[in-house]
$ cat entry.tsv   # TSV, N, CA and C atoms
chain	number	residue	atom	x	y	z
A	27	MET	N	13.66	-10.69	5.14
A	27	MET	CA	14.31	-9.49	5.60
A	27	MET	C	15.05	-8.88	4.42
A	28	ALA	N	14.75	-7.62	4.13
A	28	ALA	CA	15.38	-6.94	3.01
A	28	ALA	C	16.64	-6.22	3.45
A	29	PHE	N	17.55	-6.05	2.49
A	29	PHE	CA	18.78	-5.31	2.75
A	29	PHE	C	18.95	-4.30	1.63
A	30	GLY	N	19.23	-3.07	1.97
A	30	GLY	CA	19.45	-2.00	1.01
A	30	GLY	C	19.51	-0.69	1.75
A	31	PHE	N	19.71	0.39	1.03
A	31	PHE	CA	19.75	1.72	1.66
A	31	PHE	C	18.73	2.62	1.03
A	32	PRO	N	17.60	2.90	1.62
A	32	PRO	CA	17.05	2.16	2.74
A	32	PRO	C	16.41	0.86	2.27
A	33	ALA	N	16.17	-0.03	3.20
A	33	ALA	CA	15.53	-1.32	2.89
A	33	ALA	C	14.11	-1.07	2.39
A	34	TYR	N	13.65	-1.93	1.46
A	34	TYR	CA	12.31	-1.77	0.90
A	34	TYR	C	11.75	-3.11	0.42
A	35	HIS	N	10.45	-3.11	0.13
A	35	HIS	CA	9.79	-4.28	-0.47
A	35	HIS	C	8.69	-3.76	-1.39
A	36	THR	N	8.56	-4.38	-2.57
A	36	THR	CA	7.55	-3.98	-3.56
A	36	THR	C	6.78	-5.21	-4.05
A	37	GLU	N	5.47	-5.04	-4.23
A	37	GLU	CA	4.63	-6.06	-4.85
A	37	GLU	C	3.61	-5.36	-5.73
A	38	ARG	N	3.05	-6.12	-6.65
A	38	ARG	CA	2.05	-5.60	-7.58
A	38	ARG	C	0.70	-6.21	-7.26
A	39	TYR	N	-0.37	-5.43	-7.46
A	39	TYR	CA	-1.73	-5.91	-7.27
A	39	TYR	C	-2.51	-5.62	-8.54
A	40	ASP	N	-3.20	-6.64	-9.05
A	40	ASP	CA	-4.04	-6.51	-10.23
A	40	ASP	C	-5.49	-6.78	-9.82
A	41	ALA	N	-6.33	-5.77	-9.98
A	41	ALA	CA	-7.75	-5.91	-9.64
A	41	ALA	C	-8.45	-6.76	-10.69
A	42	GLN	N	-9.31	-7.65	-10.24
A	42	GLN	CA	-10.07	-8.50	-11.15
A	42	GLN	C	-11.40	-7.87	-11.51
A	43	ASN	N	-11.84	-6.91	-10.72
A	43	ASN	CA	-13.14	-6.26	-10.92
A	43	ASN	C	-12.95	-4.87	-11.51
A	44	ASP	N	-13.99	-4.37	-12.15
A	44	ASP	CA	-13.99	-3.02	-12.68
A	44	ASP	C	-14.44	-2.08	-11.55
A	45	ILE	N	-13.44	-1.57	-10.81
A	45	ILE	CA	-13.72	-0.71	-9.66
A	45	ILE	C	-12.90	0.56	-9.78
A	46	ASP	N	-13.22	1.53	-8.93
A	46	ASP	CA	-12.41	2.74	-8.85
A	46	ASP	C	-11.24	2.43	-7.91
A	47	LEU	N	-10.17	1.92	-8.49
A	47	LEU	CA	-9.03	1.45	-7.69
A	47	LEU	C	-8.40	2.56	-6.87
A	48	ARG	N	-8.37	3.78	-7.40
A	48	ARG	CA	-7.81	4.92	-6.66
A	48	ARG	C	-8.58	5.16	-5.36
A	49	SER	N	-9.89	5.18	-5.43
A	49	SER	CA	-10.70	5.39	-4.22
A	49	SER	C	-10.51	4.28	-3.22
A	50	VAL	N	-10.50	3.05	-3.71
A	50	VAL	CA	-10.34	1.90	-2.81
A	50	VAL	C	-8.95	1.93	-2.18
A	51	ALA	N	-7.93	2.31	-2.94
A	51	ALA	CA	-6.57	2.40	-2.41
A	51	ALA	C	-6.49	3.42	-1.28
A	52	LYS	N	-7.13	4.56	-1.46
A	52	LYS	CA	-7.14	5.60	-0.42
A	52	LYS	C	-7.94	5.17	0.80
A	53	GLU	N	-9.07	4.51	0.58
A	53	GLU	CA	-9.88	4.01	1.70
A	53	GLU	C	-9.10	2.99	2.51
A	54	THR	N	-8.31	2.17	1.83
A	54	THR	CA	-7.50	1.16	2.51
A	54	THR	C	-6.45	1.82	3.39
A	55	LEU	N	-5.82	2.89	2.91
A	55	LEU	CA	-4.86	3.63	3.74
A	55	LEU	C	-5.53	4.14	5.01
A	56	ALA	N	-6.71	4.71	4.86
A	56	ALA	CA	-7.44	5.22	6.03
A	56	ALA	C	-7.81	4.10	6.99
A	57	GLN	N	-8.23	2.95	6.44
A	57	GLN	CA	-8.59	1.80	7.27
A	57	GLN	C	-7.40	1.34	8.12
A	58	LEU	N	-6.20	1.38	7.54
A	58	LEU	CA	-4.99	0.96	8.25
A	58	LEU	C	-4.41	2.06	9.14
A	59	SER	N	-5.02	3.24	9.11
A	59	SER	CA	-4.55	4.42	9.85
A	59	SER	C	-3.16	4.86	9.39
A	60	TRP	N	-2.88	4.66	8.11
A	60	TRP	CA	-1.64	5.17	7.53
A	60	TRP	C	-1.94	6.57	6.99
A	61	VAL	N	-0.99	7.47	7.13
A	61	VAL	CA	-1.21	8.87	6.78
A	61	VAL	C	-0.93	9.11	5.30
A	62	LEU	N	-1.92	9.66	4.58
A	62	LEU	CA	-1.73	10.04	3.19
A	62	LEU	C	-0.94	11.35	3.18
A	63	ARG	N	0.25	11.33	2.59
A	63	ARG	CA	1.12	12.51	2.56
A	63	ARG	C	0.91	13.36	1.32
A	64	THR	N	0.97	12.74	0.15
A	64	THR	CA	0.73	13.45	-1.11
A	64	THR	C	0.02	12.53	-2.08
A	65	GLU	N	-0.70	13.17	-3.00
A	65	GLU	CA	-1.42	12.40	-4.01
A	65	GLU	C	-1.22	13.08	-5.36
A	66	GLY	N	-0.71	12.33	-6.32
A	66	GLY	CA	-0.54	12.82	-7.68
A	66	GLY	C	-1.38	11.99	-8.62
A	67	SER	N	-1.28	12.29	-9.90
A	67	SER	CA	-2.09	11.56	-10.89
A	67	SER	C	-1.65	10.11	-11.04
A	68	MET	N	-0.38	9.82	-10.78
A	68	MET	CA	0.14	8.47	-10.99
A	68	MET	C	0.56	7.76	-9.71
A	69	GLU	N	0.60	8.48	-8.57
A	69	GLU	CA	1.00	7.81	-7.34
A	69	GLU	C	0.47	8.51	-6.10
A	70	ILE	N	0.42	7.73	-5.04
A	70	ILE	CA	0.04	8.22	-3.71
A	70	ILE	C	1.20	7.91	-2.79
A	71	LEU	N	1.60	8.88	-1.97
A	71	LEU	CA	2.63	8.67	-0.97
A	71	LEU	C	1.98	8.72	0.41
A	72	ALA	N	2.30	7.73	1.22
A	72	ALA	CA	1.73	7.64	2.57
A	72	ALA	C	2.85	7.25	3.53
A	73	SER	N	2.53	7.22	4.81
A	73	SER	CA	3.53	6.79	5.79
A	73	SER	C	2.85	6.03	6.92
A	74	THR	N	3.63	5.14	7.52
A	74	THR	CA	3.19	4.42	8.70
A	74	THR	C	3.73	5.16	9.91
A	75	SER	N	3.30	4.75	11.07
A	75	SER	CA	3.75	5.44	12.26
A	75	SER	C	5.03	4.83	12.84
A	76	LEU	N	5.68	5.61	13.63
A	76	LEU	CA	6.87	5.19	14.36
A	76	LEU	C	6.46	4.12	15.38
A	77	ASN	N	7.29	3.09	15.54
A	77	ASN	CA	7.00	2.07	16.56
A	77	ASN	C	8.31	1.60	17.18
A	78	LEU	N	8.24	0.60	18.01
A	78	LEU	CA	9.44	0.13	18.71
A	78	LEU	C	10.47	-0.52	17.79
A	79	ARG	N	10.02	-1.02	16.62
A	79	ARG	CA	10.92	-1.72	15.71
A	79	ARG	C	11.54	-0.83	14.65
A	80	THR	N	10.83	0.25	14.27
A	80	THR	CA	11.32	1.08	13.16
A	80	THR	C	11.03	2.56	13.42
A	81	TRP	N	11.60	3.39	12.56
A	81	TRP	CA	11.32	4.83	12.57
A	81	TRP	C	10.14	5.14	11.66
A	82	GLY	N	9.41	4.12	11.27
A	82	GLY	CA	8.29	4.28	10.36
A	82	GLY	C	8.72	3.97	8.93
A	83	GLU	N	7.73	3.83	8.06
A	83	GLU	CA	8.02	3.53	6.67
A	83	GLU	C	7.25	4.47	5.76
A	84	LYS	N	7.81	4.68	4.58
A	84	LYS	CA	7.14	5.44	3.52
A	84	LYS	C	6.53	4.43	2.56
A	85	VAL	N	5.27	4.62	2.25
A	85	VAL	CA	4.56	3.71	1.36
A	85	VAL	C	4.21	4.47	0.08
A	86	THR	N	4.60	3.89	-1.05
A	86	THR	CA	4.29	4.48	-2.36
A	86	THR	C	3.37	3.53	-3.12
A	87	ILE	N	2.27	4.08	-3.59
A	87	ILE	CA	1.32	3.31	-4.40
A	87	ILE	C	1.35	3.94	-5.79
A	88	LYS	N	1.85	3.19	-6.77
A	88	LYS	CA	1.93	3.67	-8.14
A	88	LYS	C	0.84	3.03	-8.97
A	89	PHE	N	0.11	3.86	-9.70
A	89	PHE	CA	-0.97	3.38	-10.56
A	89	PHE	C	-0.39	3.07	-11.93
A	90	GLU	N	-0.33	1.78	-12.24
A	90	GLU	CA	0.22	1.33	-13.52
A	90	GLU	C	-0.81	1.57	-14.63
A	91	ASP	N	-2.07	1.26	-14.35
A	91	ASP	CA	-3.20	1.52	-15.24
A	91	ASP	C	-4.46	1.49	-14.38
A	92	ASP	N	-5.64	1.39	-14.99
A	92	ASP	CA	-6.89	1.44	-14.22
A	92	ASP	C	-7.08	0.26	-13.28
A	93	ARG	N	-6.40	-0.84	-13.53
A	93	ARG	CA	-6.60	-2.05	-12.72
A	93	ARG	C	-5.35	-2.58	-12.03
A	94	SER	N	-4.22	-1.90	-12.16
A	94	SER	CA	-2.97	-2.40	-11.58
A	94	SER	C	-2.25	-1.32	-10.80
A	95	ILE	N	-1.74	-1.73	-9.64
A	95	ILE	CA	-0.91	-0.83	-8.84
A	95	ILE	C	0.31	-1.59	-8.34
A	96	SER	N	1.35	-0.84	-8.02
A	96	SER	CA	2.49	-1.44	-7.31
A	96	SER	C	2.59	-0.72	-5.97
A	97	ILE	N	2.87	-1.49	-4.94
A	97	ILE	CA	2.96	-0.98	-3.58
A	97	ILE	C	4.38	-1.19	-3.09
A	98	THR	N	5.02	-0.11	-2.66
A	98	THR	CA	6.38	-0.19	-2.12
A	98	THR	C	6.40	0.38	-0.72
A	99	SER	N	6.96	-0.36	0.20
A	99	SER	CA	7.19	0.12	1.56
A	99	SER	C	8.69	0.26	1.72
A	100	ARG	N	9.13	1.44	2.17
A	100	ARG	CA	10.55	1.76	2.29
A	100	ARG	C	10.79	2.38	3.66
A	101	CYS	N	11.87	2.00	4.30
A	101	CYS	CA	12.19	2.55	5.61
A	101	CYS	C	12.33	4.08	5.53
A	102	ALA	N	11.77	4.77	6.50
A	102	ALA	CA	11.82	6.23	6.52
A	102	ALA	C	13.24	6.74	6.79
A	103	LEU	N	13.99	6.00	7.56
A	103	LEU	CA	15.36	6.40	7.88
A	103	LEU	C	16.27	5.95	6.74
A	104	PRO	N	16.87	6.88	5.98
A	104	PRO	CA	17.64	6.51	4.79
A	104	PRO	C	18.84	5.61	5.06
A	105	THR	N	19.37	5.61	6.25
A	105	THR	CA	20.54	4.79	6.56
A	105	THR	C	20.18	3.42	7.11
A	106	GLN	N	18.88	3.13	7.24
A	106	GLN	CA	18.46	1.84	7.77
A	106	GLN	C	18.58	0.79	6.67
A	107	CYS	N	19.52	-0.15	6.84
A	107	CYS	CA	19.76	-1.14	5.79
A	107	CYS	C	19.07	-2.47	6.06
A	108	PHE	N	18.62	-2.73	7.26
A	108	PHE	CA	17.84	-3.93	7.58
A	108	PHE	C	16.45	-3.51	8.01
A	109	ASP	N	15.44	-4.22	7.52
A	109	ASP	CA	14.07	-3.86	7.90
A	109	ASP	C	13.41	-4.91	8.78
A	110	TRP	N	14.09	-6.03	9.03
A	110	TRP	CA	13.60	-7.11	9.88
A	110	TRP	C	12.23	-7.61	9.41
A	111	GLY	N	11.95	-7.52	8.10
A	111	GLY	CA	10.71	-8.00	7.54
A	111	GLY	C	9.54	-7.04	7.61
A	112	LYS	N	9.76	-5.86	8.16
A	112	LYS	CA	8.68	-4.90	8.36
A	112	LYS	C	8.10	-4.39	7.04
A	113	ASN	N	8.94	-4.10	6.03
A	113	ASN	CA	8.43	-3.59	4.76
A	113	ASN	C	7.57	-4.63	4.04
A	114	ARG	N	8.03	-5.86	4.03
A	114	ARG	CA	7.23	-6.93	3.42
A	114	ARG	C	5.91	-7.07	4.17
A	115	ALA	N	5.96	-7.04	5.49
A	115	ALA	CA	4.75	-7.15	6.30
A	115	ALA	C	3.78	-6.01	5.98
A	116	ASN	N	4.29	-4.80	5.79
A	116	ASN	CA	3.43	-3.66	5.43
A	116	ASN	C	2.72	-3.90	4.10
A	117	VAL	N	3.47	-4.36	3.10
A	117	VAL	CA	2.90	-4.58	1.77
A	117	VAL	C	1.87	-5.70	1.82
A	118	VAL	N	2.18	-6.79	2.49
A	118	VAL	CA	1.24	-7.91	2.62
A	118	VAL	C	-0.02	-7.47	3.35
A	119	LYS	N	0.14	-6.70	4.41
A	119	LYS	CA	-1.00	-6.19	5.18
A	119	LYS	C	-1.87	-5.27	4.32
A	120	TYR	N	-1.22	-4.40	3.55
A	120	TYR	CA	-1.96	-3.48	2.70
A	120	TYR	C	-2.75	-4.24	1.63
A	121	ILE	N	-2.10	-5.18	0.96
A	121	ILE	CA	-2.78	-5.93	-0.10
A	121	ILE	C	-3.95	-6.75	0.46
A	122	ALA	N	-3.78	-7.35	1.63
A	122	ALA	CA	-4.87	-8.11	2.25
A	122	ALA	C	-6.06	-7.19	2.55
A	123	ALA	N	-5.79	-6.01	3.10
A	123	ALA	CA	-6.86	-5.06	3.40
A	123	ALA	C	-7.49	-4.53	2.11
A	124	LEU	N	-6.67	-4.31	1.09
A	124	LEU	CA	-7.17	-3.84	-0.21
A	124	LEU	C	-8.09	-4.88	-0.84
A	125	LYS	N	-7.70	-6.14	-0.82
A	125	LYS	CA	-8.54	-7.21	-1.38
A	125	LYS	C	-9.88	-7.28	-0.65
A	126	GLN	N	-9.83	-7.16	0.67
A	126	GLN	CA	-11.06	-7.19	1.46
A	126	GLN	C	-11.97	-6.02	1.09
A	127	ARG	N	-11.37	-4.84	0.92
A	127	ARG	CA	-12.15	-3.64	0.56
A	127	ARG	C	-12.74	-3.78	-0.85
A	128	VAL	N	-11.96	-4.35	-1.78
A	128	VAL	CA	-12.45	-4.58	-3.15
A	128	VAL	C	-13.67	-5.49	-3.12
A	129	GLU	N	-13.61	-6.54	-2.31
A	129	GLU	CA	-14.74	-7.46	-2.17
A	129	GLU	C	-15.98	-6.73	-1.63
A	130	GLN	N	-15.78	-5.86	-0.65
A	130	GLN	CA	-16.89	-5.11	-0.08
A	130	GLN	C	-17.51	-4.18	-1.12
A	131	VAL	N	-16.67	-3.49	-1.84
A	131	VAL	CA	-17.14	-2.52	-2.84
A	131	VAL	C	-17.84	-3.21	-4.00
A	132	SER	N	-17.28	-4.34	-4.43
A	132	SER	CA	-17.85	-5.03	-5.59
A	132	SER	C	-19.02	-5.94	-5.22
A	133	GLY	N	-19.24	-6.14	-3.94
A	133	GLY	CA	-20.34	-6.99	-3.50
A	133	GLY	C	-20.10	-8.46	-3.74
A	134	GLY	N	-18.83	-8.81	-4.05
A	134	GLY	CA	-18.49	-10.21	-4.24
A	134	GLY	C	-18.95	-10.80	-5.56
A	135	ASN	N	-19.61	-9.97	-6.42
A	135	ASN	CA	-20.10	-10.52	-7.68
A	135	ASN	C	-19.52	-9.80	-8.91
A	136	GLY	N	-18.52	-8.97	-8.70
A	136	GLY	CA	-17.87	-8.32	-9.81
A	136	GLY	C	-18.49	-6.99	-10.22
A	137	GLU	N	-19.61	-6.61	-9.58
A	137	GLU	CA	-20.24	-5.34	-9.90
A	137	GLU	C	-20.06	-4.38	-8.75
A	138	GLN	N	-19.80	-3.12	-9.08
A	138	GLN	CA	-19.60	-2.12	-8.04
A	138	GLN	C	-20.94	-1.68	-7.49
A	139	ARG	N	-21.04	-1.65	-6.15
A	139	ARG	CA	-22.26	-1.19	-5.51
A	139	ARG	C	-22.25	0.32	-5.43
A	140	CYS	N	-23.44	0.91	-5.42
A	140	CYS	CA	-23.57	2.36	-5.32
A	140	CYS	C	-23.80	2.77	-3.89

$ encode --input "entry.tsv" --output "C-alpha cells"
Amino acid sequence: MAFGFPAYHTERYDAQNDIDLRSVAKETLAQLSWVLRTEGSMEILASTSLNLRTWGEKVTIKFEDDRSISITSRCALPTQCFDWGKNRANVVKYIAALKQRVEQVSGGNGEQRC
C-alpha cells in the first residue's frame, strides 16, 4: 500500500526482444480497456476506469529508450493518500499483459512476426 499525495507506484520494464515497444505498449492498453488520453514522443498517458475502490488512476508510460519503459500508476484524485495497493496492482497487471503481448509478437523466438 503506497502513501503520498497522490499515492503512486512505478516499475521499469526492459524488453529482451527487438520489437516495436511503442506499438506493443499501446496494444496492451487497449487489451486492458484502459483509455489512451495523450501520446507524445517520450510518453503515453492513459487512465483506468472508476470503480468501487478508487476514483480511477492515471497511468504514465515513459519511453527510456527503444527497449525500456517505466510505468507509473497514480491515483486520479490528488488528495487520495492511500491507494490500498491498487496502483501496484495496475502496474503488475500491465507488465504481465505487456510480457504476454511481447511473446505473441515475437513468436517466442526473439524475432518479430509480420

$ residues_around --input "entry.tsv" --residues "Thr80 of chain A" --least-positions-apart "5" --cutoff "8 Å" --atoms "only N, CA and C atoms" --output "PyMOL selection string"
chain A and resi 75+101-103+109

$ atom_distance --input "entry.tsv" --atom1 "atom CA of Lys88 of chain A" --atom2 "atom CA of Asn116 of chain A"
15.5 Å

$ atom_distance --input "entry.tsv" --atom1 "atom CA of Trp81 of chain A" --atom2 "atom N of Ala122 of chain A"
22.3 Å

$ select_by_dssp --input "entry.tsv" --residues "chain A" --states "strand (DSSP E)" --output "PDB file with N, CA and C atoms, keeping the file's coordinate frame"
ATOM      1  N   TYR A  34      13.650  -1.930   1.460  1.00  0.00           N
ATOM      2  CA  TYR A  34      12.310  -1.770   0.900  1.00  0.00           C
ATOM      3  C   TYR A  34      11.750  -3.110   0.420  1.00  0.00           C
ATOM      4  N   HIS A  35      10.450  -3.110   0.130  1.00  0.00           N
ATOM      5  CA  HIS A  35       9.790  -4.280  -0.470  1.00  0.00           C
ATOM      6  C   HIS A  35       8.690  -3.760  -1.390  1.00  0.00           C
ATOM      7  N   THR A  36       8.560  -4.380  -2.570  1.00  0.00           N
ATOM      8  CA  THR A  36       7.550  -3.980  -3.560  1.00  0.00           C
ATOM      9  C   THR A  36       6.780  -5.210  -4.050  1.00  0.00           C
ATOM     10  N   GLU A  37       5.470  -5.040  -4.230  1.00  0.00           N
ATOM     11  CA  GLU A  37       4.630  -6.060  -4.850  1.00  0.00           C
ATOM     12  C   GLU A  37       3.610  -5.360  -5.730  1.00  0.00           C
ATOM     13  N   ARG A  38       3.050  -6.120  -6.650  1.00  0.00           N
ATOM     14  CA  ARG A  38       2.050  -5.600  -7.580  1.00  0.00           C
ATOM     15  C   ARG A  38       0.700  -6.210  -7.260  1.00  0.00           C
ATOM     16  N   TYR A  39      -0.370  -5.430  -7.460  1.00  0.00           N
ATOM     17  CA  TYR A  39      -1.730  -5.910  -7.270  1.00  0.00           C
ATOM     18  C   TYR A  39      -2.510  -5.620  -8.540  1.00  0.00           C
ATOM     19  N   ASP A  40      -3.200  -6.640  -9.050  1.00  0.00           N
ATOM     20  CA  ASP A  40      -4.040  -6.510 -10.230  1.00  0.00           C
ATOM     21  C   ASP A  40      -5.490  -6.780  -9.820  1.00  0.00           C
ATOM     22  N   VAL A  61      -0.990   7.470   7.130  1.00  0.00           N
ATOM     23  CA  VAL A  61      -1.210   8.870   6.780  1.00  0.00           C
ATOM     24  C   VAL A  61      -0.930   9.110   5.300  1.00  0.00           C
ATOM     25  N   LEU A  62      -1.920   9.660   4.580  1.00  0.00           N
ATOM     26  CA  LEU A  62      -1.730  10.040   3.190  1.00  0.00           C
ATOM     27  C   LEU A  62      -0.940  11.350   3.180  1.00  0.00           C
ATOM     28  N   ARG A  63       0.250  11.330   2.590  1.00  0.00           N
ATOM     29  CA  ARG A  63       1.120  12.510   2.560  1.00  0.00           C
ATOM     30  C   ARG A  63       0.910  13.360   1.320  1.00  0.00           C
ATOM     31  N   THR A  64       0.970  12.740   0.150  1.00  0.00           N
ATOM     32  CA  THR A  64       0.730  13.450  -1.110  1.00  0.00           C
ATOM     33  C   THR A  64       0.020  12.530  -2.080  1.00  0.00           C
ATOM     34  N   GLU A  65      -0.700  13.170  -3.000  1.00  0.00           N
ATOM     35  CA  GLU A  65      -1.420  12.400  -4.010  1.00  0.00           C
ATOM     36  C   GLU A  65      -1.220  13.080  -5.360  1.00  0.00           C
ATOM     37  N   GLU A  69       0.600   8.480  -8.570  1.00  0.00           N
ATOM     38  CA  GLU A  69       1.000   7.810  -7.340  1.00  0.00           C
ATOM     39  C   GLU A  69       0.470   8.510  -6.100  1.00  0.00           C
ATOM     40  N   ILE A  70       0.420   7.730  -5.040  1.00  0.00           N
ATOM     41  CA  ILE A  70       0.040   8.220  -3.710  1.00  0.00           C
ATOM     42  C   ILE A  70       1.200   7.910  -2.790  1.00  0.00           C
ATOM     43  N   LEU A  71       1.600   8.880  -1.970  1.00  0.00           N
ATOM     44  CA  LEU A  71       2.630   8.670  -0.970  1.00  0.00           C
ATOM     45  C   LEU A  71       1.980   8.720   0.410  1.00  0.00           C
ATOM     46  N   ALA A  72       2.300   7.730   1.220  1.00  0.00           N
ATOM     47  CA  ALA A  72       1.730   7.640   2.570  1.00  0.00           C
ATOM     48  C   ALA A  72       2.850   7.250   3.530  1.00  0.00           C
ATOM     49  N   SER A  73       2.530   7.220   4.810  1.00  0.00           N
ATOM     50  CA  SER A  73       3.530   6.790   5.790  1.00  0.00           C
ATOM     51  C   SER A  73       2.850   6.030   6.920  1.00  0.00           C
ATOM     52  N   GLU A  83       7.730   3.830   8.060  1.00  0.00           N
ATOM     53  CA  GLU A  83       8.020   3.530   6.670  1.00  0.00           C
ATOM     54  C   GLU A  83       7.250   4.470   5.760  1.00  0.00           C
ATOM     55  N   LYS A  84       7.810   4.680   4.580  1.00  0.00           N
ATOM     56  CA  LYS A  84       7.140   5.440   3.520  1.00  0.00           C
ATOM     57  C   LYS A  84       6.530   4.430   2.560  1.00  0.00           C
ATOM     58  N   VAL A  85       5.270   4.620   2.250  1.00  0.00           N
ATOM     59  CA  VAL A  85       4.560   3.710   1.360  1.00  0.00           C
ATOM     60  C   VAL A  85       4.210   4.470   0.080  1.00  0.00           C
ATOM     61  N   THR A  86       4.600   3.890  -1.050  1.00  0.00           N
ATOM     62  CA  THR A  86       4.290   4.480  -2.360  1.00  0.00           C
ATOM     63  C   THR A  86       3.370   3.530  -3.120  1.00  0.00           C
ATOM     64  N   ILE A  87       2.270   4.080  -3.590  1.00  0.00           N
ATOM     65  CA  ILE A  87       1.320   3.310  -4.400  1.00  0.00           C
ATOM     66  C   ILE A  87       1.350   3.940  -5.790  1.00  0.00           C
ATOM     67  N   LYS A  88       1.850   3.190  -6.770  1.00  0.00           N
ATOM     68  CA  LYS A  88       1.930   3.670  -8.140  1.00  0.00           C
ATOM     69  C   LYS A  88       0.840   3.030  -8.970  1.00  0.00           C
ATOM     70  N   PHE A  89       0.110   3.860  -9.700  1.00  0.00           N
ATOM     71  CA  PHE A  89      -0.970   3.380 -10.560  1.00  0.00           C
ATOM     72  C   PHE A  89      -0.390   3.070 -11.930  1.00  0.00           C
ATOM     73  N   GLU A  90      -0.330   1.780 -12.240  1.00  0.00           N
ATOM     74  CA  GLU A  90       0.220   1.330 -13.520  1.00  0.00           C
ATOM     75  C   GLU A  90      -0.810   1.570 -14.630  1.00  0.00           C
ATOM     76  N   ASP A  91      -2.070   1.260 -14.350  1.00  0.00           N
ATOM     77  CA  ASP A  91      -3.200   1.520 -15.240  1.00  0.00           C
ATOM     78  C   ASP A  91      -4.460   1.490 -14.380  1.00  0.00           C
ATOM     79  N   SER A  94      -4.220  -1.900 -12.160  1.00  0.00           N
ATOM     80  CA  SER A  94      -2.970  -2.400 -11.580  1.00  0.00           C
ATOM     81  C   SER A  94      -2.250  -1.320 -10.800  1.00  0.00           C
ATOM     82  N   ILE A  95      -1.740  -1.730  -9.640  1.00  0.00           N
ATOM     83  CA  ILE A  95      -0.910  -0.830  -8.840  1.00  0.00           C
ATOM     84  C   ILE A  95       0.310  -1.590  -8.340  1.00  0.00           C
ATOM     85  N   SER A  96       1.350  -0.840  -8.020  1.00  0.00           N
ATOM     86  CA  SER A  96       2.490  -1.440  -7.310  1.00  0.00           C
ATOM     87  C   SER A  96       2.590  -0.720  -5.970  1.00  0.00           C
ATOM     88  N   ILE A  97       2.870  -1.490  -4.940  1.00  0.00           N
ATOM     89  CA  ILE A  97       2.960  -0.980  -3.580  1.00  0.00           C
ATOM     90  C   ILE A  97       4.380  -1.190  -3.090  1.00  0.00           C
ATOM     91  N   THR A  98       5.020  -0.110  -2.660  1.00  0.00           N
ATOM     92  CA  THR A  98       6.380  -0.190  -2.120  1.00  0.00           C
ATOM     93  C   THR A  98       6.400   0.380  -0.720  1.00  0.00           C
ATOM     94  N   SER A  99       6.960  -0.360   0.200  1.00  0.00           N
ATOM     95  CA  SER A  99       7.190   0.120   1.560  1.00  0.00           C
ATOM     96  C   SER A  99       8.690   0.260   1.720  1.00  0.00           C
ATOM     97  N   ARG A 100       9.130   1.440   2.170  1.00  0.00           N
ATOM     98  CA  ARG A 100      10.550   1.760   2.290  1.00  0.00           C
ATOM     99  C   ARG A 100      10.790   2.380   3.660  1.00  0.00           C
ATOM    100  N   CYS A 101      11.870   2.000   4.300  1.00  0.00           N
ATOM    101  CA  CYS A 101      12.190   2.550   5.610  1.00  0.00           C
ATOM    102  C   CYS A 101      12.330   4.080   5.530  1.00  0.00           C
TER     103      CYS A 101
END

$ residues_around --input "entry.tsv" --residues "segment 62-67 of chain A" --least-positions-apart "2" --cutoff "12 Å" --atoms "only C-alpha atoms" --output "PyMOL selection string"
chain A and resi 48-49+51-60+69-75+84-92

$ atom_distance --input "entry.tsv" --atom1 "atom C of Val117 of chain A" --atom2 "atom CA of Ile95 of chain A"
12.0 Å

$ select_by_dssp --input "entry.tsv" --residues "chain A" --states "helix (DSSP H, G or I)" --output "number ranges by chain"
A: 47-57, 112-132

$ closest_residue --input "entry.tsv" --among "A:Ser132, A:Asn43, A:His35, A:Val50" --to "Ser99 of chain A" --atoms "only N, CA and C atoms"
A:His35
